[in-house]
file run05.txt (compact mmCIF, C-alpha atoms and all ligand atoms)
# COMPACT_ATOMS: atom_id res chain seq x y z
CA MET A 1 0.00 0.00 0.00
CA GLU A 2 1.44 3.39 -0.92
CA SER A 3 1.78 6.08 1.69
CA GLN A 4 -0.43 9.15 1.53
CA VAL A 5 2.66 11.20 0.71
CA SER A 6 3.61 9.07 -2.22
CA ASP A 7 -0.02 9.03 -3.30
CA ALA A 8 0.00 12.80 -3.23
CA ALA A 9 3.26 12.80 -5.18
CA ALA A 10 1.63 10.55 -7.75
CA GLY A 11 -1.27 12.95 -7.99
CA GLN A 12 1.11 15.83 -8.43
CA ALA A 13 3.18 13.96 -11.01
CA GLU A 14 0.05 12.94 -12.86
CA GLN A 15 -1.27 16.48 -12.82
CA THR A 16 2.07 17.90 -13.96
CA ALA A 17 2.28 15.33 -16.70
CA GLY A 18 -1.27 15.88 -17.88
CA GLU A 19 -0.30 18.40 -20.51
CA GLY A 20 3.45 17.98 -20.56
CA GLN A 21 5.94 19.20 -18.02
CA THR A 22 6.47 22.93 -18.41
CA ASP A 23 7.00 25.79 -15.97
CA SER A 24 3.85 27.72 -15.20
CA GLY A 25 3.95 31.48 -15.81
CA ALA A 26 4.28 33.77 -12.79
CA ALA A 27 1.12 35.43 -11.52
CA PRO A 28 0.93 39.20 -12.05
CA GLY A 29 2.73 40.97 -9.19
CA PRO A 30 2.40 44.34 -7.39
CA ALA A 31 4.14 47.60 -8.42
CA ALA A 32 7.93 47.47 -8.01
CA SER A 33 7.95 50.84 -6.23
CA ALA A 34 6.69 49.37 -2.95
CA PRO A 35 9.29 46.81 -1.84
CA LEU A 36 7.65 45.92 1.47
CA GLY A 37 4.25 45.57 -0.16
CA ALA A 38 5.82 43.52 -2.92
CA ALA A 39 7.40 41.17 -0.40
CA ARG A 40 4.06 40.78 1.40
CA TRP A 41 2.30 40.05 -1.89
CA LYS A 42 4.95 37.53 -2.81
CA LEU A 43 4.59 35.77 0.53
CA LEU A 44 0.80 35.75 0.30
CA ARG A 45 0.96 34.44 -3.25
CA GLN A 46 3.27 31.62 -2.14
CA VAL A 47 0.96 30.71 0.75
CA LEU A 48 -2.10 30.74 -1.50
CA LYS A 49 -0.32 28.75 -4.18
CA GLN A 50 0.81 26.19 -1.59
CA LYS A 51 -2.71 25.95 -0.14
CA HIS A 52 -4.14 25.47 -3.61
CA LEU A 53 -1.55 22.79 -4.30
CA ASP A 54 -2.26 21.05 -0.98
CA ASP A 55 -5.99 21.09 -1.71
CA CYS A 56 -5.41 19.70 -5.20
CA LEU A 57 -3.14 16.96 -3.92
CA ARG A 58 -5.59 15.95 -1.21
CA HIS A 59 -8.35 15.82 -3.79
CA ILE A 60 -6.28 13.90 -6.32
CA SER A 61 -4.77 11.48 -3.81
CA VAL A 62 -8.20 10.12 -2.90
CA ARG A 63 -9.46 9.91 -6.48
CA ARG A 64 -6.45 8.64 -8.37
CA PHE A 65 -6.87 5.80 -10.90
CA GLU A 66 -4.17 3.22 -10.23
CA SER A 67 -4.48 0.04 -12.18
CA PHE A 68 -6.02 -2.05 -14.95
CA ASN A 69 -5.95 -4.96 -12.45
CA LEU A 70 -3.60 -7.06 -14.54
CA PHE A 71 -1.48 -8.26 -11.61
CA SER A 72 -2.39 -9.47 -8.15
CA VAL A 73 -0.21 -8.09 -5.39
CA THR A 74 0.50 -10.07 -2.22
CA GLU A 75 2.75 -9.18 0.67
CA VAL A 76 5.84 -11.31 1.13
CA LYS A 77 6.70 -12.32 4.69
CA LYS A 78 10.11 -11.01 5.68
CA LEU A 79 12.70 -13.74 6.20
CA GLU A 80 14.36 -13.77 9.63
CA THR A 81 17.78 -13.23 8.10
CA GLU A 82 16.70 -10.53 5.71
CA GLU A 83 18.16 -7.13 6.40
CA GLU A 84 17.04 -5.32 3.29
CA ALA A 85 14.96 -2.23 3.80
CA GLY A 86 11.50 -1.88 2.31
CA ALA A 87 8.55 -4.16 1.95
CA TRP A 88 8.63 -6.84 -0.70
CA VAL A 89 5.52 -7.83 -2.56
CA GLN A 90 4.81 -10.54 -5.09
CA TYR A 91 3.28 -9.49 -8.42
CA THR A 92 1.49 -12.32 -10.19
CA SER A 93 -0.06 -11.98 -13.61
CA ILE A 94 -3.82 -12.47 -13.39
CA PHE A 95 -4.04 -13.77 -16.96
CA TYR A 96 -0.80 -15.77 -16.94
CA PRO A 97 -0.53 -16.84 -13.27
CA GLU A 98 2.52 -18.98 -13.93
CA TYR A 99 4.44 -15.69 -14.10
CA SER A 100 5.26 -14.07 -10.80
CA ILE A 101 7.98 -11.74 -9.54
CA PHE A 102 9.17 -10.27 -6.24
CA LEU A 103 9.09 -6.49 -6.30
CA ARG A 104 9.97 -3.74 -3.91
CA HIS A 105 8.55 -0.28 -4.33
CA ASN A 106 10.88 2.52 -3.37
CA SER A 107 9.81 2.92 0.21
CA GLY A 108 7.40 5.60 1.39
CA SER A 109 7.76 9.27 0.67
CA LEU A 110 10.44 10.96 -1.37
CA ASN A 111 12.93 12.74 0.85
CA VAL A 112 14.39 16.18 0.30
CA GLU A 113 17.62 14.69 -1.07
CA ASP A 114 15.67 12.69 -3.68
CA VAL A 115 13.87 15.78 -4.86
CA LEU A 116 16.93 18.03 -4.90
CA THR A 117 19.52 15.65 -6.29
CA SER A 118 17.68 13.79 -9.00
CA PHE A 119 16.15 15.22 -12.12
CA ASP A 120 12.89 13.33 -12.31
CA ASN A 121 11.19 11.24 -9.67
CA THR A 122 7.99 10.21 -11.41
CA GLY A 123 9.32 6.65 -11.71
CA ASN A 124 9.83 6.41 -7.94
CA VAL A 125 6.23 7.23 -7.12
CA CYS A 126 4.31 4.20 -8.37
CA ILE A 127 4.08 1.74 -11.25
CA TRP A 128 2.06 3.75 -13.76
CA PRO A 129 -0.84 2.08 -15.62
CA ALA A 130 1.03 2.18 -18.96
CA GLU A 131 3.89 0.14 -17.45
CA GLU A 132 1.42 -2.40 -16.10
CA VAL A 133 -0.20 -2.68 -19.54
CA LEU A 134 3.19 -2.98 -21.29
CA ALA A 135 4.16 -5.73 -18.81
CA TYR A 136 0.94 -7.63 -19.52
CA TYR A 137 1.45 -7.17 -23.28
CA CYS A 138 5.00 -8.56 -23.02
CA LEU A 139 3.72 -11.68 -21.25
CA LYS A 140 0.94 -12.17 -23.77
CA HIS A 141 3.32 -11.83 -26.72
CA SER A 142 6.45 -13.35 -25.17
CA SER A 143 7.27 -15.29 -28.35
CA ILE A 144 8.09 -12.06 -30.25
CA PHE A 145 11.21 -11.63 -28.06
CA ARG A 146 12.79 -14.98 -28.98
CA ASP A 147 16.58 -14.61 -29.47
CA LEU A 148 16.37 -10.82 -29.38
CA ALA A 149 18.22 -8.15 -27.39
CA VAL A 150 15.69 -6.02 -25.49
CA CYS A 151 16.10 -2.74 -23.64
CA GLU A 152 13.55 -0.97 -21.46
CA LEU A 153 13.99 2.80 -21.21
CA GLY A 154 12.55 4.90 -18.36
CA GLY A 155 11.33 1.76 -16.58
CA GLY A 156 11.10 3.47 -13.20
CA MET A 157 11.74 1.84 -9.83
CA THR A 158 10.73 -1.69 -10.97
CA CYS A 159 11.05 -1.90 -14.78
CA LEU A 160 8.15 -4.34 -14.48
CA ALA A 161 7.76 -4.83 -18.24
CA GLY A 162 11.41 -5.71 -18.81
CA LEU A 163 11.24 -8.12 -15.88
CA MET A 164 8.25 -9.84 -17.50
CA VAL A 165 10.29 -10.35 -20.68
CA ALA A 166 13.12 -11.80 -18.59
CA ILE A 167 10.87 -14.32 -16.81
CA SER A 168 8.77 -15.41 -19.78
CA ALA A 169 10.71 -15.15 -23.05
CA ASP A 170 13.55 -17.08 -24.68
CA VAL A 171 15.28 -13.78 -25.03
CA LYS A 172 18.95 -13.22 -25.87
CA GLU A 173 19.44 -10.32 -23.47
CA VAL A 174 17.44 -7.85 -21.37
CA LEU A 175 18.73 -4.48 -20.16
CA LEU A 176 16.57 -2.55 -17.67
CA THR A 177 17.25 1.18 -17.53
CA ASP A 178 16.12 4.50 -16.15
CA GLY A 179 17.76 7.91 -15.82
CA ASN A 180 17.08 8.04 -12.09
CA GLU A 181 19.76 6.47 -9.87
CA LYS A 182 17.45 5.71 -6.97
CA ALA A 183 15.09 3.84 -9.30
CA ILE A 184 17.95 1.76 -10.69
CA ARG A 185 19.30 0.93 -7.19
CA ASN A 186 15.90 -0.55 -6.49
CA VAL A 187 15.85 -2.45 -9.81
CA ARG A 188 19.27 -3.94 -8.96
CA ASP A 189 17.93 -5.28 -5.66
CA ILE A 190 14.87 -6.66 -7.43
CA ILE A 191 17.05 -8.52 -9.94
CA ALA A 192 19.24 -9.95 -7.15
CA ARG A 193 16.24 -11.08 -5.11
CA ASN A 194 14.60 -12.81 -8.07
CA GLN A 195 17.85 -14.37 -9.24
CA LYS A 196 18.04 -16.05 -5.83
CA ALA A 197 14.50 -17.28 -6.33
CA GLY A 198 15.47 -18.61 -9.79
CA VAL A 199 12.60 -17.02 -11.69
CA PHE A 200 14.45 -15.70 -14.74
CA LYS A 201 14.43 -17.60 -18.00
CA THR A 202 17.44 -15.66 -19.30
CA GLY A 203 20.86 -15.55 -17.66
CA ASN A 204 21.58 -12.32 -19.47
CA LEU A 205 19.69 -9.70 -17.48
CA SER A 206 21.23 -6.46 -16.23
CA SER A 207 20.35 -2.90 -15.31
CA CYS A 208 22.01 0.48 -15.57
CA VAL A 209 21.38 4.19 -15.34
CA LEU A 210 20.73 5.32 -18.89
CA ARG A 211 19.80 8.92 -19.56
CA TRP A 212 18.42 9.60 -23.01
CA ASP A 213 20.19 12.97 -23.06
CA ASN A 214 23.58 11.60 -21.99
CA GLU A 215 25.88 11.08 -24.98
CA THR A 216 28.05 8.47 -23.23
CA ASP A 217 25.10 6.45 -21.96
CA VAL A 218 23.61 6.23 -25.44
CA SER A 219 26.74 5.91 -27.58
CA GLN A 220 28.12 2.89 -25.74
CA LEU A 221 25.00 0.89 -26.64
CA GLU A 222 24.52 2.29 -30.13
CA GLY A 223 22.81 -0.16 -32.54
CA HIS A 224 22.73 -2.91 -29.92
CA PHE A 225 19.03 -3.69 -29.51
CA ASP A 226 16.35 -5.43 -31.55
CA ILE A 227 13.56 -4.09 -29.34
CA VAL A 228 13.49 -0.92 -27.28
CA MET A 229 10.41 -0.34 -25.16
CA CYS A 230 9.09 2.25 -22.75
CA ALA A 231 5.92 3.21 -20.89
CA ASP A 232 4.60 6.65 -20.02
CA CYS A 233 7.77 8.51 -20.93
CA LEU A 234 6.44 10.95 -23.54
CA PHE A 235 5.18 13.79 -21.35
CA LEU A 236 8.53 15.35 -20.44
CA ASP A 237 8.80 18.32 -22.81
CA GLN A 238 12.46 18.76 -21.97
CA TYR A 239 13.49 15.21 -22.85
CA ARG A 240 11.08 14.18 -25.63
CA ALA A 241 13.54 14.91 -28.45
CA SER A 242 16.38 13.10 -26.68
CA LEU A 243 14.09 10.09 -26.09
CA VAL A 244 13.41 9.88 -29.84
CA ASP A 245 17.12 10.21 -30.55
CA ALA A 246 18.06 7.56 -27.95
CA ILE A 247 15.51 5.08 -29.34
CA LYS A 248 16.82 5.62 -32.86
CA ARG A 249 20.45 5.18 -31.89
CA LEU A 250 19.98 2.20 -29.57
CA LEU A 251 18.05 0.20 -32.17
CA GLN A 252 19.79 -1.87 -34.79
CA PRO A 253 18.69 -0.92 -38.34
CA ARG A 254 15.80 -3.43 -38.46
CA GLY A 255 14.84 -2.97 -34.83
CA LYS A 256 11.45 -1.90 -33.43
CA ALA A 257 10.35 0.28 -30.55
CA MET A 258 7.26 -0.56 -28.54
CA VAL A 259 5.91 2.50 -26.78
CA PHE A 260 2.88 2.56 -24.47
CA ALA A 261 1.66 5.95 -23.30
CA PRO A 262 -1.55 7.84 -22.62
CA ARG A 263 -2.25 10.90 -24.75
CA ARG A 264 -1.54 13.35 -21.89
CA GLY A 265 -2.74 16.41 -23.74
CA ASN A 266 -0.83 16.79 -26.97
CA THR A 267 2.34 15.11 -25.71
CA LEU A 268 1.89 11.77 -27.47
CA ASN A 269 1.21 13.60 -30.76
CA GLN A 270 4.30 15.73 -30.25
CA PHE A 271 6.37 12.58 -29.75
CA CYS A 272 4.96 11.10 -32.98
CA ILE A 273 5.80 14.26 -34.92
CA LEU A 274 9.40 14.20 -33.66
CA ALA A 275 9.73 10.47 -34.32
CA GLU A 276 8.49 10.84 -37.91
CA LYS A 277 10.89 13.73 -38.46
CA ALA A 278 13.67 11.44 -37.20
CA GLY A 279 12.76 8.92 -39.92
CA PHE A 280 10.57 6.47 -38.01
CA SER A 281 7.40 4.90 -39.44
CA ILE A 282 4.74 4.70 -36.75
CA GLN A 283 1.82 2.33 -36.31
CA ARG A 284 -0.61 3.69 -33.77
CA HIS A 285 -2.95 1.22 -32.03
CA GLU A 286 -5.87 1.93 -29.74
CA ASN A 287 -7.45 -1.54 -29.87
CA TYR A 288 -4.37 -3.66 -29.28
CA ASP A 289 -5.98 -6.02 -26.78
CA GLU A 290 -9.56 -7.12 -26.25
CA HIS A 291 -9.38 -7.24 -22.48
CA ILE A 292 -7.81 -3.77 -22.16
CA SER A 293 -10.38 -2.33 -24.61
CA ASN A 294 -13.29 -3.83 -22.68
CA PHE A 295 -11.91 -2.66 -19.33
CA HIS A 296 -11.31 0.80 -20.78
CA SER A 297 -14.94 1.05 -22.00
CA LYS A 298 -16.22 -0.12 -18.60
CA LEU A 299 -14.04 2.40 -16.74
CA LYS A 300 -15.21 5.21 -19.02
CA LYS A 301 -18.84 4.35 -18.29
CA GLU A 302 -18.68 3.48 -14.62
CA ASN A 303 -15.66 5.25 -13.12
CA GLN A 304 -15.72 8.73 -14.61
CA ASP A 305 -14.77 10.21 -11.25
CA VAL A 306 -11.33 8.53 -11.23
CA TYR A 307 -10.67 7.43 -14.80
CA GLU A 308 -9.58 9.96 -17.37
CA GLU A 309 -8.84 8.54 -20.79
CA ASN A 310 -6.38 11.34 -21.54
CA LEU A 311 -4.21 10.50 -18.51
CA HIS A 312 -4.81 6.79 -18.05
CA PHE A 313 -5.55 4.92 -21.27
CA PRO A 314 -2.27 3.86 -22.91
CA LEU A 315 -2.05 3.78 -26.68
CA LEU A 316 0.48 1.50 -28.35
CA LEU A 317 2.96 2.94 -30.83
CA ILE A 318 5.21 0.67 -32.87
CA LEU A 319 8.16 2.51 -34.36
CA THR A 320 10.29 1.13 -37.16
CA LYS A 321 13.22 2.77 -38.84
CA ASP A 322 12.46 3.71 -42.45
CA GLY A 323 14.51 2.28 -45.26
C1 LIG A 401 6.19 8.53 -15.54
S1 LIG A 401 7.70 7.73 -15.21
C2 LIG A 401 7.38 6.15 -15.91
C3 LIG A 401 8.07 5.06 -15.17
C4 LIG A 401 7.60 3.67 -15.59
N1 LIG A 401 7.83 3.46 -17.00
C5 LIG A 401 6.14 3.51 -15.27
O1 LIG A 401 5.32 3.74 -16.19
O2 LIG A 401 5.80 3.17 -14.14
C6 LIG A 401 8.89 8.42 -16.37
C7 LIG A 401 10.27 7.80 -16.20
O3 LIG A 401 11.15 8.39 -17.16
C8 LIG A 401 12.42 8.55 -16.53
N2 LIG A 401 13.11 9.65 -17.23
C9 LIG A 401 12.72 10.93 -17.34
N3 LIG A 401 13.61 11.64 -18.06
C10 LIG A 401 14.59 10.77 -18.42
C11 LIG A 401 15.80 10.90 -19.15
N4 LIG A 401 16.17 12.06 -19.67
N5 LIG A 401 16.57 9.81 -19.32
C12 LIG A 401 16.19 8.62 -18.80
N6 LIG A 401 15.07 8.44 -18.07
C13 LIG A 401 14.28 9.50 -17.88
C14 LIG A 401 12.10 8.91 -15.10
O4 LIG A 401 13.17 8.66 -14.22
C15 LIG A 401 10.88 8.03 -14.84
O5 LIG A 401 11.24 6.80 -14.26

call {"tool": "encode", "arguments": {"input": "run05.txt", "output": "structure tokens"}}
result
Amino acid sequence: MESQVSDAAAGQAEQTAGEGQTDSGAAPGPAASAPLGAARWKLLRQVLKQKHLDDCLRHISVRRFESFNLFSVTEVKKLETEEEAGAWVQYTSIFYPEYSIFLRHNSGSLNVEDVLTSFDNTGNVCIWPAEEVLAYYCLKHSSIFRDLAVCELGGGMTCLAGLMVAISADVKEVLLTDGNEKAIRNVRDIIARNQKAGVFKTGNLSSCVLRWDNETDVSQLEGHFDIVMCADCLFLDQYRASLVDAIKRLLQPRGKAMVFAPRRGNTLNQFCILAEKAGFSIQRHENYDEHISNFHSKLKKENQDVYEENLHFPLLLILTKDG
């Protein structure tokens, strides 16, 4: 169960990501000729802004849509000898119950250091619905990964989808990545824990920090992958172009990218425009799975208070390099 603080952070992240992540314009201020008055106005504005934010977060934290119910989550009893921090849970696919993995969410609230020292913490807040759907899709279509090298980008604190490939497919290699170090520390522990439990089908599974906008991170893996995949990574205005570039460079010439993301305003369209400019052909799918389509229709009818198609329903984009 997530803490209220992390729930609120999820609400804030979701809200921020709704239309892409941009700075909001400053509210009109008082005349510059009255410095004391100006300071008072500034203070009042900050207090009002904070109150508004608190109210929004409280509202959102209660009403947030969390899951397409594709995995059951059970608590794992702590072993006597176990010293690792954080609560472990077991994620089991509802549709393919033979596939199960131990996961640990990054524990509780984000601390000040997390917020100040890392560039993006949206992957440390929760497993977003698009990741859950990508993970389910990977299990359902595990045969497409046979003998291929697969990389997950921006997988967050669990890289759930990449893990599903590693436990279900006869894959050549799986690399789990994110740009956030805290997320990848957690992924490392998850890999170690599940290696002990012997759940992986492939012996070639690893993780690393990979930032789309870091030349070294990208160039050392240039042309290495047959499949690159990511979930809910298109809303960051600042990094969208570097994500397109990283996907293009990491893929071998006949490789494919599998991208799941909600529309989030115009951000998915903006990604498609950039990807086409970079020479990708894009297939865009809304009805990629009968169960997800049915659940989506039901949510739209019966859960309008929590479910917003724009923020929650992931579309599937398949990108191939032209020529
Ligand atoms: C909304 S989260 C999605 C996480 C996960 N895929 C999920 O859906 O649960 C976006 C992820 O993108 C990662 N990210 C953002 N900018 C990045 C960059 N420039 N390079 C690499 N990863 C980045 C963040 O660290 C975060 O984990």

call {"tool": "atom_distance", "arguments": {"input": "run05.txt", "atom1": "CA of Ile167 in chain A", "atom2": "CA of Gly203 in chain A"}}
result
10.1 Å

call {"tool": "residues_near_ligand", "arguments": {"input": "run05.txt", "ligand": "ligand LIG 401 (chain A)", "cutoff": "9 Å", "atoms": "all atoms listed in the file", "output": "count of residues only"}}
result
56

call {"tool": "residues_near_point", "arguments": {"input": "run05.txt", "point": "(3.0, -7.5, -18.4)", "cutoff": "9 Å", "atoms": "only C-alpha atoms", "output": "list in words"}}
result
Leu70, Phe71, Ser93, Glu131, Glu132, Val133, Leu134, Ala135, Tyr136, Tyr137, Cys138, Leu139, Lys140, Leu160, Ala161, Gly162, Leu163, Met164 and Val165 of chain A

call {"tool": "residues_around", "arguments": {"input": "run05.txt", "residues": "Lys248 in chain A", "least_positions_apart": "5", "cutoff": "12 Å", "atoms": "only C-alpha atoms", "output": "PyMOL selection string"}}
result
chain A and resi 212+218-219+221-229+241-243+253-257+274-281+319-322

call {"tool": "atom_distance", "arguments": {"input": "run05.txt", "atom1": "CA of Ile101 in chain A", "atom2": "CA of Val259 in chain A"}}
result
22.5 Å

call {"tool": "closest_residue", "arguments": {"input": "run05.txt", "among": "A:Gln304, A:Cys208, A:Val244, A:Phe145", "to": "Cys272 in chain A", "atoms": "only C-alpha atoms"}}
result
A:Val244

call {"tool": "closest_residue", "arguments": {"input": "run05.txt", "among": "A:Ser168, A:Trp88, A:Asp245, A:Ile282", "to": "Asn186 in chain A", "atoms": "all atoms listed in the file"}}
result
A:Trp88

call {"tool": "atom_distance", "arguments": {"input": "run05.txt", "atom1": "CA of His141 in chain A", "atom2": "CA of Asp289 in chain A"}}
result
11.0 Å

call {"tool": "closest_residue", "arguments": {"input": "run05.txt", "among": "A:Leu299, A:Ile247, A:Leu311, A:Ala87", "to": "Asn266 in chain A", "atoms": "only C-alpha atoms"}}
result
A:Leu311

call {"tool": "closest_residue", "arguments": {"input": "run05.txt", "among": "A:Ala197, A:Leu175, A:Leu316, A:Ala169", "to": "Glu286 in chain A", "atoms": "all atoms listed in the file"}}
result
A:Leu316

call {"tool": "decode", "arguments": {"input": "run05.txt", "residues": "range 159-253 of chain A", "atoms": "C-alpha atoms", "output": "compact mmCIF listing (two decimals), in the first residue's frame"}}
result
# COMPACT_ATOMS: atom_id res chain seq x y z
CA CYS A 159 11.05 -1.90 -14.78
CA LEU A 160 8.15 -4.34 -14.48
CA ALA A 161 7.76 -4.83 -18.24
CA GLY A 162 11.41 -5.71 -18.81
CA LEU A 163 11.24 -8.12 -15.88
CA MET A 164 8.25 -9.84 -17.50
CA VAL A 165 10.29 -10.35 -20.68
CA ALA A 166 13.12 -11.80 -18.59
CA ILE A 167 10.87 -14.32 -16.81
CA SER A 168 8.77 -15.41 -19.78
CA ALA A 169 10.71 -15.15 -23.05
CA ASP A 170 13.55 -17.08 -24.68
CA VAL A 171 15.28 -13.78 -25.03
CA LYS A 172 18.95 -13.22 -25.87
CA GLU A 173 19.44 -10.32 -23.47
CA VAL A 174 17.44 -7.85 -21.37
CA LEU A 175 18.73 -4.48 -20.16
CA LEU A 176 16.57 -2.55 -17.67
CA THR A 177 17.25 1.18 -17.53
CA ASP A 178 16.12 4.50 -16.15
CA GLY A 179 17.76 7.91 -15.82
CA ASN A 180 17.08 8.04 -12.09
CA GLU A 181 19.76 6.47 -9.87
CA LYS A 182 17.45 5.71 -6.97
CA ALA A 183 15.09 3.84 -9.30
CA ILE A 184 17.95 1.76 -10.69
CA ARG A 185 19.30 0.93 -7.19
CA ASN A 186 15.90 -0.55 -6.49
CA VAL A 187 15.85 -2.45 -9.81
CA ARG A 188 19.27 -3.94 -8.96
CA ASP A 189 17.93 -5.28 -5.66
CA ILE A 190 14.87 -6.66 -7.43
CA ILE A 191 17.05 -8.52 -9.94
CA ALA A 192 19.24 -9.95 -7.15
CA ARG A 193 16.24 -11.08 -5.11
CA ASN A 194 14.60 -12.81 -8.07
CA GLN A 195 17.85 -14.37 -9.24
CA LYS A 196 18.04 -16.05 -5.83
CA ALA A 197 14.50 -17.28 -6.33
CA GLY A 198 15.47 -18.61 -9.79
CA VAL A 199 12.60 -17.02 -11.69
CA PHE A 200 14.45 -15.70 -14.74
CA LYS A 201 14.43 -17.60 -18.00
CA THR A 202 17.44 -15.66 -19.30
CA GLY A 203 20.86 -15.55 -17.66
CA ASN A 204 21.58 -12.32 -19.47
CA LEU A 205 19.69 -9.70 -17.48
CA SER A 206 21.23 -6.46 -16.23
CA SER A 207 20.35 -2.90 -15.31
CA CYS A 208 22.01 0.48 -15.57
CA VAL A 209 21.38 4.19 -15.34
CA LEU A 210 20.73 5.32 -18.89
CA ARG A 211 19.80 8.92 -19.56
CA TRP A 212 18.42 9.60 -23.01
CA ASP A 213 20.19 12.97 -23.06
CA ASN A 214 23.58 11.60 -21.99
CA GLU A 215 25.88 11.08 -24.98
CA THR A 216 28.05 8.47 -23.23
CA ASP A 217 25.10 6.45 -21.96
CA VAL A 218 23.61 6.23 -25.44
CA SER A 219 26.74 5.91 -27.58
CA GLN A 220 28.12 2.89 -25.74
CA LEU A 221 25.00 0.89 -26.64
CA GLU A 222 24.52 2.29 -30.13
CA GLY A 223 22.81 -0.16 -32.54
CA HIS A 224 22.73 -2.91 -29.92
CA PHE A 225 19.03 -3.69 -29.51
CA ASP A 226 16.35 -5.43 -31.55
CA ILE A 227 13.56 -4.09 -29.34
CA VAL A 228 13.49 -0.92 -27.28
CA MET A 229 10.41 -0.34 -25.16
CA CYS A 230 9.09 2.25 -22.75
CA ALA A 231 5.92 3.21 -20.89
CA ASP A 232 4.60 6.65 -20.02
CA CYS A 233 7.77 8.51 -20.93
CA LEU A 234 6.44 10.95 -23.54
CA PHE A 235 5.18 13.79 -21.35
CA LEU A 236 8.53 15.35 -20.44
CA ASP A 237 8.80 18.32 -22.81
CA GLN A 238 12.46 18.76 -21.97
CA TYR A 239 13.49 15.21 -22.85
CA ARG A 240 11.08 14.18 -25.63
CA ALA A 241 13.54 14.91 -28.45
CA SER A 242 16.38 13.10 -26.68
CA LEU A 243 14.09 10.09 -26.09
CA VAL A 244 13.41 9.88 -29.84
CA ASP A 245 17.12 10.21 -30.55
CA ALA A 246 18.06 7.56 -27.95
CA ILE A 247 15.51 5.08 -29.34
CA LYS A 248 16.82 5.62 -32.86
CA ARG A 249 20.45 5.18 -31.89
CA LEU A 250 19.98 2.20 -29.57
CA LEU A 251 18.05 0.20 -32.17
CA GLN A 252 19.79 -1.87 -34.79
CA PRO A 253 18.69 -0.92 -38.34
